[in-house]
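Structure first, commentary second.
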Amino acid sequence: MQLYCVRPLSYPFLMESVQFTVFASGSSGNAAYLETPRTRVLIDCGISAKRIRECLLSLERTPERLDGILITHEHSDHIGGLRVFAAKLGIPVYCNRHTASEIQRIHNTKFDFRIIETGRDFQIGDTTIDSFSIPHDAIDPIGFLLHTPTSQIGFLTDIGHGTRLIADRVKNAQVLLLETNHDIEMLNNDPRRSWALKQRIMSRHGHLSNEAAAALLEQIAHDDLRHVFCAHLSGDCNTPELAKSEITRKLAQIDLPKVNVHHTYQSKASPSLEISGKKDTILAEKTVATPAIGL
């Protein structure tokens, strides 16, 4: 493994806009895509290589043009697609040393690791990325704040509880992906989960409930916050409507009713958000036929 060094710029300057798309979010798999004028990265790779390729093709992009994959932690719903996707194509994988060791152990495959130091920033193309520790039951989980040419994007998923460090590190984000994993009442009444599992989910190193996410948002929110994505929803202990309602209620309570609140989905990509210096646009969904390309 090598300590990360700056990767050369990959793309000519073409536009002053940034595109952010959540390909999948939930307990079965997570992946998001960020494109700036000179950088194209995935954030987590927890869905199949085939599905990631299909999502990229729907944006008229190809995996071969990716500059890297950022990994928050080593749980399968965040790294499940790495072995087929990143290793075969030789895409750089950006993570800290402990997470890299776990990925190597789990997949037993050679990766092009670019080792980052938790708590220090690094750069890919025209995007500077801050990393910081988050409380979750993984070996060394991290969140990100991505400084792009048009905006700052906070990425907070799989968090047991909000901390002052997290709030401080993403307090300037204009776009925030925030875990809203479960509704407390639905989780407590769920007959399929054991009491031990419920305790783990609700623990300080588990997952944020809708209410806990709203409380953390209150610490983070500011006048320049424009978008919140409700992420990592439980398929049977939450609903998009409940999550959005709780976040919307909190934003109204703190006098920020104009912030846009978006759903994310486990089974399909969310519409892309295009962020420019003048305005933000939700792009129309596209579908394309998937060519018979091996991966």
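Here's how to read the names in the structure tokens: chain A, B, ... by the order shown, residue numbers from 1 in each chain, ligand numbers from 1 in the order shown.
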How would you write, as a VMD selection string, the set of residues in stretch 57-204 of chain A that DSSP gives as strand (DSSP E)? chain A and resid 68 to 70 93 to 96 113 to 116 122 to 124 127 to 133 142 to 147 152 to 156 175 to 179
Fewer than 3 positions away in the same chain doesn't count, so skip those; otherwise give me all residues within 9 Å of stretch 22-26 of chain A, counting only C-alpha atoms, as a CSV table (one decimal) with C-alpha atoms, in the first residue's frame.
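Output file part02.csv follows:
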chain,number,residue,atom,x,y,z
A,29,GLY,CA,-26.1,-1.5,-1.1
A,30,ASN,CA,-24.8,2.0,-1.4
A,31,ALA,CA,-23.1,4.0,-4.2
A,32,ALA,CA,-23.1,7.7,-5.3
A,33,TYR,CA,-21.5,9.5,-8.2
A,34,LEU,CA,-19.9,12.9,-8.3
A,46,GLY,CA,-21.8,-1.5,-2.5
A,47,ILE,CA,-23.9,-2.6,-5.5
A,51,ARG,CA,-25.7,-2.1,-11.9
A,52,ILE,CA,-23.0,0.6,-11.5
A,55,CYS,CA,-26.2,3.8,-13.8
A,56,LEU,CA,-23.2,5.4,-15.4
A,77,ASP,CA,-23.2,-2.8,1.5
A,181,ASN,CA,-32.1,4.9,8.7
A,229,PHE,CA,-30.7,13.8,0.7
A,231,ALA,CA,-30.1,8.3,2.9
A,232,HIS,CA,-29.7,4.7,4.0
A,233,LEU,CA,-33.3,4.1,4.8
A,234,SER,CA,-34.3,0.7,6.2
A,235,GLY,CA,-36.5,-1.1,3.8
A,264,THR,CA,-32.9,8.2,-2.2
A,265,TYR,CA,-33.8,4.6,-3.1
A,266,GLN,CA,-32.4,1.1,-2.7
A,267,SER,CA,-33.6,-0.2,-6.0
A,268,LYS,CA,-33.1,2.7,-8.4
A,269,ALA,CA,-31.0,5.8,-8.8
A,270,SER,CA,-32.3,9.2,-7.6
A,271,PRO,CA,-32.6,12.0,-10.2
A,272,SER,CA,-29.3,13.8,-10.6
Cut-off 10 Å: closest stretch 143-237 of chain A/stretch 110-121 of chain A atom pairs per residue, using only C-alpha atoms, as JSON lines:
{"residue": "A:Gly143", "atom": "CA", "partner": "A:Thr118", "partner_atom": "CA", "distance": 9.3}
{"residue": "A:Phe144", "atom": "CA", "partner": "A:Asp121", "partner_atom": "CA", "distance": 9.4}
{"residue": "A:Leu145", "atom": "CA", "partner": "A:Asp121", "partner_atom": "CA", "distance": 9.2}
{"residue": "A:Leu146", "atom": "CA", "partner": "A:Asp121", "partner_atom": "CA", "distance": 9.5}
{"residue": "A:Arg169", "atom": "CA", "partner": "A:Gly119", "partner_atom": "CA", "distance": 9.7}
Can you write out the residues you just picked, keeping N, CA and C atoms, as a PDB file, in the first residue's frame?
ATOM      1  N   GLY A 143     -16.517   9.966   7.258  1.00  0.00           N
ATOM      2  CA  GLY A 143     -17.401  10.758   6.425  1.00  0.00           C
ATOM      3  C   GLY A 143     -16.566  11.663   5.553  1.00  0.00           C
ATOM      4  N   PHE A 144     -17.213  12.358   4.624  1.00  0.00           N
ATOM      5  CA  PHE A 144     -16.501  13.227   3.692  1.00  0.00           C
ATOM      6  C   PHE A 144     -17.190  14.577   3.567  1.00  0.00           C
ATOM      7  N   LEU A 145     -16.384  15.602   3.331  1.00  0.00           N
ATOM      8  CA  LEU A 145     -16.875  16.875   2.813  1.00  0.00           C
ATOM      9  C   LEU A 145     -16.098  17.130   1.536  1.00  0.00           C
ATOM     10  N   LEU A 146     -16.823  17.205   0.425  1.00  0.00           N
ATOM     11  CA  LEU A 146     -16.202  17.346  -0.893  1.00  0.00           C
ATOM     12  C   LEU A 146     -16.315  18.796  -1.355  1.00  0.00           C
ATOM     13  N   ARG A 169     -17.310  19.656  10.841  1.00  0.00           N
ATOM     14  CA  ARG A 169     -16.655  19.378   9.559  1.00  0.00           C
ATOM     15  C   ARG A 169     -17.566  19.605   8.353  1.00  0.00           C
TER      16      ARG A 169
END
Which residue, A:Gln152, A:Ser58, A:Ser101, A:Asn189, has the smallest gap to A:Asp236 when you use only C-alpha atoms? A:Asn189
In stretch 9-184 of chain A, what's helix (DSSP H, G or I) per DSSP? Answer as a PDB file with N, CA and C atoms, in the first residue's frame?
ATOM      1  N   ALA A  49     -21.318  -4.563  -9.960  1.00  0.00           N
ATOM      2  CA  ALA A  49     -20.611  -3.885 -11.042  1.00  0.00           C
ATOM      3  C   ALA A  49     -21.539  -3.647 -12.227  1.00  0.00           C
ATOM      4  N   LYS A  50     -22.392  -4.612 -12.519  1.00  0.00           N
ATOM      5  CA  LYS A  50     -23.341  -4.473 -13.625  1.00  0.00           C
ATOM      6  C   LYS A  50     -24.267  -3.291 -13.406  1.00  0.00           C
ATOM      7  N   ARG A  51     -24.771  -3.160 -12.196  1.00  0.00           N
ATOM      8  CA  ARG A  51     -25.695  -2.065 -11.920  1.00  0.00           C
ATOM      9  C   ARG A  51     -24.979  -0.710 -11.948  1.00  0.00           C
ATOM     10  N   ILE A  52     -23.757  -0.646 -11.444  1.00  0.00           N
ATOM     11  CA  ILE A  52     -23.008   0.617 -11.502  1.00  0.00           C
ATOM     12  C   ILE A  52     -22.782   1.019 -12.948  1.00  0.00           C
ATOM     13  N   ARG A  53     -22.396   0.050 -13.775  1.00  0.00           N
ATOM     14  CA  ARG A  53     -22.194   0.359 -15.198  1.00  0.00           C
ATOM     15  C   ARG A  53     -23.492   0.875 -15.819  1.00  0.00           C
ATOM     16  N   GLU A  54     -24.611   0.248 -15.520  1.00  0.00           N
ATOM     17  CA  GLU A  54     -25.888   0.692 -16.064  1.00  0.00           C
ATOM     18  C   GLU A  54     -26.211   2.117 -15.615  1.00  0.00           C
ATOM     19  N   CYS A  55     -25.944   2.422 -14.345  1.00  0.00           N
ATOM     20  CA  CYS A  55     -26.208   3.772 -13.837  1.00  0.00           C
ATOM     21  C   CYS A  55     -25.331   4.798 -14.541  1.00  0.00           C
ATOM     22  N   LEU A  56     -24.065   4.466 -14.743  1.00  0.00           N
ATOM     23  CA  LEU A  56     -23.163   5.380 -15.435  1.00  0.00           C
ATOM     24  C   LEU A  56     -23.586   5.566 -16.893  1.00  0.00           C
ATOM     25  N   LEU A  57     -23.969   4.471 -17.535  1.00  0.00           N
ATOM     26  CA  LEU A  57     -24.414   4.570 -18.918  1.00  0.00           C
ATOM     27  C   LEU A  57     -25.670   5.427 -19.052  1.00  0.00           C
ATOM     28  N   SER A  58     -26.529   5.405 -18.040  1.00  0.00           N
ATOM     29  CA  SER A  58     -27.725   6.242 -18.079  1.00  0.00           C
ATOM     30  C   SER A  58     -27.371   7.725 -18.046  1.00  0.00           C
ATOM     31  N   PRO A  63     -17.425   3.450 -16.858  1.00  0.00           N
ATOM     32  CA  PRO A  63     -16.572   3.216 -15.691  1.00  0.00           C
ATOM     33  C   PRO A  63     -15.098   3.509 -15.943  1.00  0.00           C
ATOM     34  N   GLU A  64     -14.656   3.289 -17.170  1.00  0.00           N
ATOM     35  CA  GLU A  64     -13.236   3.465 -17.491  1.00  0.00           C
ATOM     36  C   GLU A  64     -12.767   4.897 -17.308  1.00  0.00           C
ATOM     37  N   ARG A  65     -13.690   5.849 -17.262  1.00  0.00           N
ATOM     38  CA  ARG A  65     -13.318   7.256 -17.116  1.00  0.00           C
ATOM     39  C   ARG A  65     -13.344   7.730 -15.670  1.00  0.00           C
ATOM     40  N   SER A  76     -20.225  -4.750   3.830  1.00  0.00           N
ATOM     41  CA  SER A  76     -20.502  -5.274   2.489  1.00  0.00           C
ATOM     42  C   SER A  76     -21.413  -4.380   1.665  1.00  0.00           C
ATOM     43  N   ASP A  77     -22.329  -3.660   2.313  1.00  0.00           N
ATOM     44  CA  ASP A  77     -23.234  -2.798   1.549  1.00  0.00           C
ATOM     45  C   ASP A  77     -22.546  -1.523   1.059  1.00  0.00           C
ATOM     46  N   HIS A  78     -21.227  -1.412   1.333  1.00  0.00           N
ATOM     47  CA  HIS A  78     -20.452  -0.273   0.843  1.00  0.00           C
ATOM     48  C   HIS A  78     -19.262  -0.703  -0.024  1.00  0.00           C
ATOM     49  N   ILE A  79     -18.915  -1.984   0.013  1.00  0.00           N
ATOM     50  CA  ILE A  79     -17.768  -2.452  -0.792  1.00  0.00           C
ATOM     51  C   ILE A  79     -18.095  -3.688  -1.618  1.00  0.00           C
ATOM     52  N   LEU A  82     -16.728  -3.904  -5.221  1.00  0.00           N
ATOM     53  CA  LEU A  82     -15.345  -3.498  -5.480  1.00  0.00           C
ATOM     54  C   LEU A  82     -14.538  -4.539  -6.239  1.00  0.00           C
ATOM     55  N   ARG A  83     -14.651  -5.788  -5.839  1.00  0.00           N
ATOM     56  CA  ARG A  83     -13.761  -6.808  -6.415  1.00  0.00           C
ATOM     57  C   ARG A  83     -13.953  -6.919  -7.922  1.00  0.00           C
ATOM     58  N   VAL A  84     -15.196  -6.968  -8.368  1.00  0.00           N
ATOM     59  CA  VAL A  84     -15.455  -7.090  -9.803  1.00  0.00           C
ATOM     60  C   VAL A  84     -15.244  -5.750 -10.503  1.00  0.00           C
ATOM     61  N   PHE A  85     -15.643  -4.680  -9.869  1.00  0.00           N
ATOM     62  CA  PHE A  85     -15.637  -3.373 -10.535  1.00  0.00           C
ATOM     63  C   PHE A  85     -14.264  -2.708 -10.509  1.00  0.00           C
ATOM     64  N   ALA A  86     -13.741  -2.443  -9.317  1.00  0.00           N
ATOM     65  CA  ALA A  86     -12.501  -1.666  -9.210  1.00  0.00           C
ATOM     66  C   ALA A  86     -11.268  -2.472  -9.559  1.00  0.00           C
ATOM     67  N   ALA A  87     -11.196  -3.708  -9.064  1.00  0.00           N
ATOM     68  CA  ALA A  87      -9.986  -4.505  -9.290  1.00  0.00           C
ATOM     69  C   ALA A  87      -9.805  -4.822 -10.766  1.00  0.00           C
ATOM     70  N   LYS A  88     -10.889  -5.197 -11.438  1.00  0.00           N
ATOM     71  CA  LYS A  88     -10.763  -5.588 -12.835  1.00  0.00           C
ATOM     72  C   LYS A  88     -10.400  -4.409 -13.733  1.00  0.00           C
ATOM     73  N   LEU A  89     -10.933  -3.223 -13.411  1.00  0.00           N
ATOM     74  CA  LEU A  89     -10.673  -2.046 -14.237  1.00  0.00           C
ATOM     75  C   LEU A  89      -9.480  -1.235 -13.753  1.00  0.00           C
ATOM     76  N   ARG A  97      -5.936   3.406   5.970  1.00  0.00           N
ATOM     77  CA  ARG A  97      -5.133   2.182   6.004  1.00  0.00           C
ATOM     78  C   ARG A  97      -5.883   1.009   6.635  1.00  0.00           C
ATOM     79  N   HIS A  98      -6.592   1.259   7.730  1.00  0.00           N
ATOM     80  CA  HIS A  98      -7.313   0.161   8.389  1.00  0.00           C
ATOM     81  C   HIS A  98      -8.422  -0.396   7.493  1.00  0.00           C
ATOM     82  N   THR A  99      -9.138   0.491   6.823  1.00  0.00           N
ATOM     83  CA  THR A  99     -10.200   0.038   5.920  1.00  0.00           C
ATOM     84  C   THR A  99      -9.619  -0.730   4.748  1.00  0.00           C
ATOM     85  N   ALA A 100      -8.489  -0.254   4.211  1.00  0.00           N
ATOM     86  CA  ALA A 100      -7.832  -0.968   3.107  1.00  0.00           C
ATOM     87  C   ALA A 100      -7.448  -2.385   3.515  1.00  0.00           C
ATOM     88  N   SER A 101      -6.942  -2.535   4.714  1.00  0.00           N
ATOM     89  CA  SER A 101      -6.557  -3.869   5.196  1.00  0.00           C
ATOM     90  C   SER A 101      -7.756  -4.793   5.281  1.00  0.00           C
ATOM     91  N   GLU A 102      -8.886  -4.264   5.745  1.00  0.00           N
ATOM     92  CA  GLU A 102     -10.099  -5.074   5.839  1.00  0.00           C
ATOM     93  C   GLU A 102     -10.641  -5.419   4.453  1.00  0.00           C
ATOM     94  N   ILE A 103     -10.605  -4.469   3.540  1.00  0.00           N
ATOM     95  CA  ILE A 103     -11.053  -4.750   2.175  1.00  0.00           C
ATOM     96  C   ILE A 103     -10.197  -5.846   1.544  1.00  0.00           C
ATOM     97  N   GLN A 104      -8.900  -5.745   1.746  1.00  0.00           N
ATOM     98  CA  GLN A 104      -7.987  -6.746   1.208  1.00  0.00           C
ATOM     99  C   GLN A 104      -8.288  -8.122   1.788  1.00  0.00           C
ATOM    100  N   ARG A 105      -8.558  -8.165   3.094  1.00  0.00           N
ATOM    101  CA  ARG A 105      -8.864  -9.436   3.755  1.00  0.00           C
ATOM    102  C   ARG A 105     -10.184 -10.008   3.253  1.00  0.00           C
ATOM    103  N   ILE A 106     -11.191  -9.173   3.090  1.00  0.00           N
ATOM    104  CA  ILE A 106     -12.518  -9.629   2.685  1.00  0.00           C
ATOM    105  C   ILE A 106     -12.527 -10.115   1.241  1.00  0.00           C
ATOM    106  N   HIS A 107     -11.915  -9.357   0.347  1.00  0.00           N
ATOM    107  CA  HIS A 107     -11.991  -9.665  -1.082  1.00  0.00           C
ATOM    108  C   HIS A 107     -10.818 -10.499  -1.581  1.00  0.00           C
ATOM    109  N   ARG A 164     -19.916  16.577  17.763  1.00  0.00           N
ATOM    110  CA  ARG A 164     -19.495  17.947  17.470  1.00  0.00           C
ATOM    111  C   ARG A 164     -18.518  17.975  16.308  1.00  0.00           C
ATOM    112  N   LEU A 165     -17.664  16.940  16.228  1.00  0.00           N
ATOM    113  CA  LEU A 165     -16.694  16.867  15.134  1.00  0.00           C
ATOM    114  C   LEU A 165     -17.412  16.810  13.786  1.00  0.00           C
ATOM    115  N   ILE A 166     -18.415  15.931  13.679  1.00  0.00           N
ATOM    116  CA  ILE A 166     -19.159  15.804  12.423  1.00  0.00           C
ATOM    117  C   ILE A 166     -19.819  17.125  12.066  1.00  0.00           C
ATOM    118  N   ALA A 167     -20.525  17.725  13.032  1.00  0.00           N
ATOM    119  CA  ALA A 167     -21.220  18.981  12.768  1.00  0.00           C
ATOM    120  C   ALA A 167     -20.245  20.072  12.331  1.00  0.00           C
ATOM    121  N   ASP A 168     -19.087  20.101  12.958  1.00  0.00           N
ATOM    122  CA  ASP A 168     -18.096  21.123  12.620  1.00  0.00           C
ATOM    123  C   ASP A 168     -17.528  20.909  11.221  1.00  0.00           C
ATOM    124  N   ARG A 169     -17.310  19.656  10.841  1.00  0.00           N
ATOM    125  CA  ARG A 169     -16.655  19.378   9.559  1.00  0.00           C
ATOM    126  C   ARG A 169     -17.566  19.605   8.353  1.00  0.00           C
ATOM    127  N   ILE A 184     -38.105   4.991  14.871  1.00  0.00           N
ATOM    128  CA  ILE A 184     -37.911   4.273  16.142  1.00  0.00           C
ATOM    129  C   ILE A 184     -39.083   3.357  16.458  1.00  0.00           C
TER     130      ILE A 184
END
Name the closest residue to A:Ala243 among the candidates A:Asn210, A:Thr109, A:Ser194, A:Thr281; distances are taken between atoms, counting only C-alpha atoms.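 Among A:Asn210, A:Thr109, A:Ser194, A:Thr281, it is A:Asn210 that comes nearest to A:Ala243.
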Pairwise distance for atom CA of A:Thr39 and atom CA of A:Gly125, rounded to one decimal in Å: 5.2 Å
For A:Ile134, list every protein, DNA or RNA residue within 12 Å, evaluated using only C-alpha atoms, and leave out those in the same chain fewer than 4 positions away; present the list as a PyMOL selection string. chain A and resi 72-73+118-119+138-144+155-167+169+204-208
Could those residues be written to a file, using N, CA and C atoms, as an mmCIF file, in the first residue's frame?
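part.cif was written with the following content:
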data_model
loop_
_atom_site.group_PDB
_atom_site.id
_atom_site.type_symbol
_atom_site.label_atom_id
_atom_site.label_comp_id
_atom_site.auth_asym_id
_atom_site.auth_seq_id
_atom_site.Cartn_x
_atom_site.Cartn_y
_atom_site.Cartn_z
ATOM 1 N N THR A 72 -16.190 4.742 2.534
ATOM 2 C CA THR A 72 -16.433 5.207 3.893
ATOM 3 C C THR A 72 -16.043 4.163 4.942
ATOM 4 N N HIS A 73 -16.340 2.874 4.642
ATOM 5 C CA HIS A 73 -15.977 1.801 5.566
ATOM 6 C C HIS A 73 -16.178 0.465 4.862
ATOM 7 N N THR A 118 -7.109 9.669 7.906
ATOM 8 C CA THR A 118 -8.343 10.205 8.469
ATOM 9 C C THR A 118 -8.063 11.513 9.178
ATOM 10 N N GLY A 119 -8.868 12.521 8.852
ATOM 11 C CA GLY A 119 -8.685 13.825 9.465
ATOM 12 C C GLY A 119 -7.901 14.794 8.627
ATOM 13 N N ALA A 138 -17.616 -0.207 12.551
ATOM 14 C CA ALA A 138 -16.649 -0.648 11.546
ATOM 15 C C ALA A 138 -15.254 -0.328 12.079
ATOM 16 N N ILE A 139 -14.210 -0.752 11.357
ATOM 17 C CA ILE A 139 -12.873 -0.647 11.912
ATOM 18 C C ILE A 139 -12.377 0.798 11.997
ATOM 19 N N ASP A 140 -12.663 1.618 10.992
ATOM 20 C CA ASP A 140 -12.230 3.033 11.015
ATOM 21 C C ASP A 140 -13.098 3.826 10.046
ATOM 22 N N PRO A 141 -14.394 3.938 10.335
ATOM 23 C CA PRO A 141 -15.325 4.573 9.381
ATOM 24 C C PRO A 141 -15.119 6.079 9.296
ATOM 25 N N ILE A 142 -15.406 6.630 8.110
ATOM 26 C CA ILE A 142 -15.205 8.055 7.891
ATOM 27 C C ILE A 142 -16.362 8.665 7.100
ATOM 28 N N GLY A 143 -16.517 9.966 7.258
ATOM 29 C CA GLY A 143 -17.401 10.758 6.425
ATOM 30 C C GLY A 143 -16.566 11.663 5.553
ATOM 31 N N PHE A 144 -17.213 12.358 4.624
ATOM 32 C CA PHE A 144 -16.501 13.227 3.692
ATOM 33 C C PHE A 144 -17.190 14.577 3.567
ATOM 34 N N PHE A 155 -21.125 14.187 3.163
ATOM 35 C CA PHE A 155 -21.534 12.800 2.961
ATOM 36 C C PHE A 155 -21.491 12.093 4.307
ATOM 37 N N LEU A 156 -22.693 11.876 4.897
ATOM 38 C CA LEU A 156 -22.808 11.295 6.233
ATOM 39 C C LEU A 156 -23.734 10.093 6.181
ATOM 40 N N THR A 157 -23.166 8.913 6.192
ATOM 41 C CA THR A 157 -23.974 7.694 6.184
ATOM 42 C C THR A 157 -23.415 6.715 7.192
ATOM 43 N N ASP A 158 -24.266 5.863 7.770
ATOM 44 C CA ASP A 158 -23.850 4.882 8.781
ATOM 45 C C ASP A 158 -23.206 5.575 9.978
ATOM 46 N N ILE A 159 -24.036 6.301 10.716
ATOM 47 C CA ILE A 159 -23.571 7.063 11.876
ATOM 48 C C ILE A 159 -24.416 6.660 13.082
ATOM 49 N N GLY A 160 -23.763 6.271 14.148
ATOM 50 C CA GLY A 160 -24.495 5.878 15.340
ATOM 51 C C GLY A 160 -25.109 7.051 16.082
ATOM 52 N N HIS A 161 -24.388 8.160 16.122
ATOM 53 C CA HIS A 161 -24.903 9.376 16.755
ATOM 54 C C HIS A 161 -24.143 10.580 16.229
ATOM 55 N N GLY A 162 -24.771 11.726 16.303
ATOM 56 C CA GLY A 162 -24.118 12.951 15.863
ATOM 57 C C GLY A 162 -23.076 13.393 16.870
ATOM 58 N N THR A 163 -21.985 13.939 16.368
ATOM 59 C CA THR A 163 -20.921 14.441 17.234
ATOM 60 C C THR A 163 -20.597 15.884 16.860
ATOM 61 N N ARG A 164 -19.916 16.577 17.763
ATOM 62 C CA ARG A 164 -19.495 17.947 17.470
ATOM 63 C C ARG A 164 -18.518 17.975 16.308
ATOM 64 N N LEU A 165 -17.664 16.940 16.228
ATOM 65 C CA LEU A 165 -16.694 16.867 15.134
ATOM 66 C C LEU A 165 -17.412 16.810 13.786
ATOM 67 N N ILE A 166 -18.415 15.931 13.679
ATOM 68 C CA ILE A 166 -19.159 15.804 12.423
ATOM 69 C C ILE A 166 -19.819 17.125 12.066
ATOM 70 N N ALA A 167 -20.525 17.725 13.032
ATOM 71 C CA ALA A 167 -21.220 18.981 12.768
ATOM 72 C C ALA A 167 -20.245 20.072 12.331
ATOM 73 N N ARG A 169 -17.310 19.656 10.841
ATOM 74 C CA ARG A 169 -16.655 19.378 9.559
ATOM 75 C C ARG A 169 -17.566 19.605 8.353
ATOM 76 N N ARG A 204 -24.983 3.729 19.941
ATOM 77 C CA ARG A 204 -24.191 4.905 19.573
ATOM 78 C C ARG A 204 -23.190 4.608 18.467
ATOM 79 N N HIS A 205 -23.098 3.345 18.060
ATOM 80 C CA HIS A 205 -22.264 2.977 16.910
ATOM 81 C C HIS A 205 -23.089 2.217 15.866
ATOM 82 N N GLY A 206 -24.380 2.514 15.840
ATOM 83 C CA GLY A 206 -25.271 1.856 14.889
ATOM 84 C C GLY A 206 -25.680 2.788 13.770
ATOM 85 N N HIS A 207 -26.977 3.142 13.740
ATOM 86 C CA HIS A 207 -27.509 3.955 12.651
ATOM 87 C C HIS A 207 -28.409 5.060 13.200
ATOM 88 N N LEU A 208 -28.497 6.165 12.466
ATOM 89 C CA LEU A 208 -29.320 7.298 12.888
ATOM 90 C C LEU A 208 -30.792 7.052 12.601
#
Among listed residues A:Ala221, A:Val259, A:Met186, A:Ala215, nearest A:Leu242 (using only C-alpha atoms): A:Met186
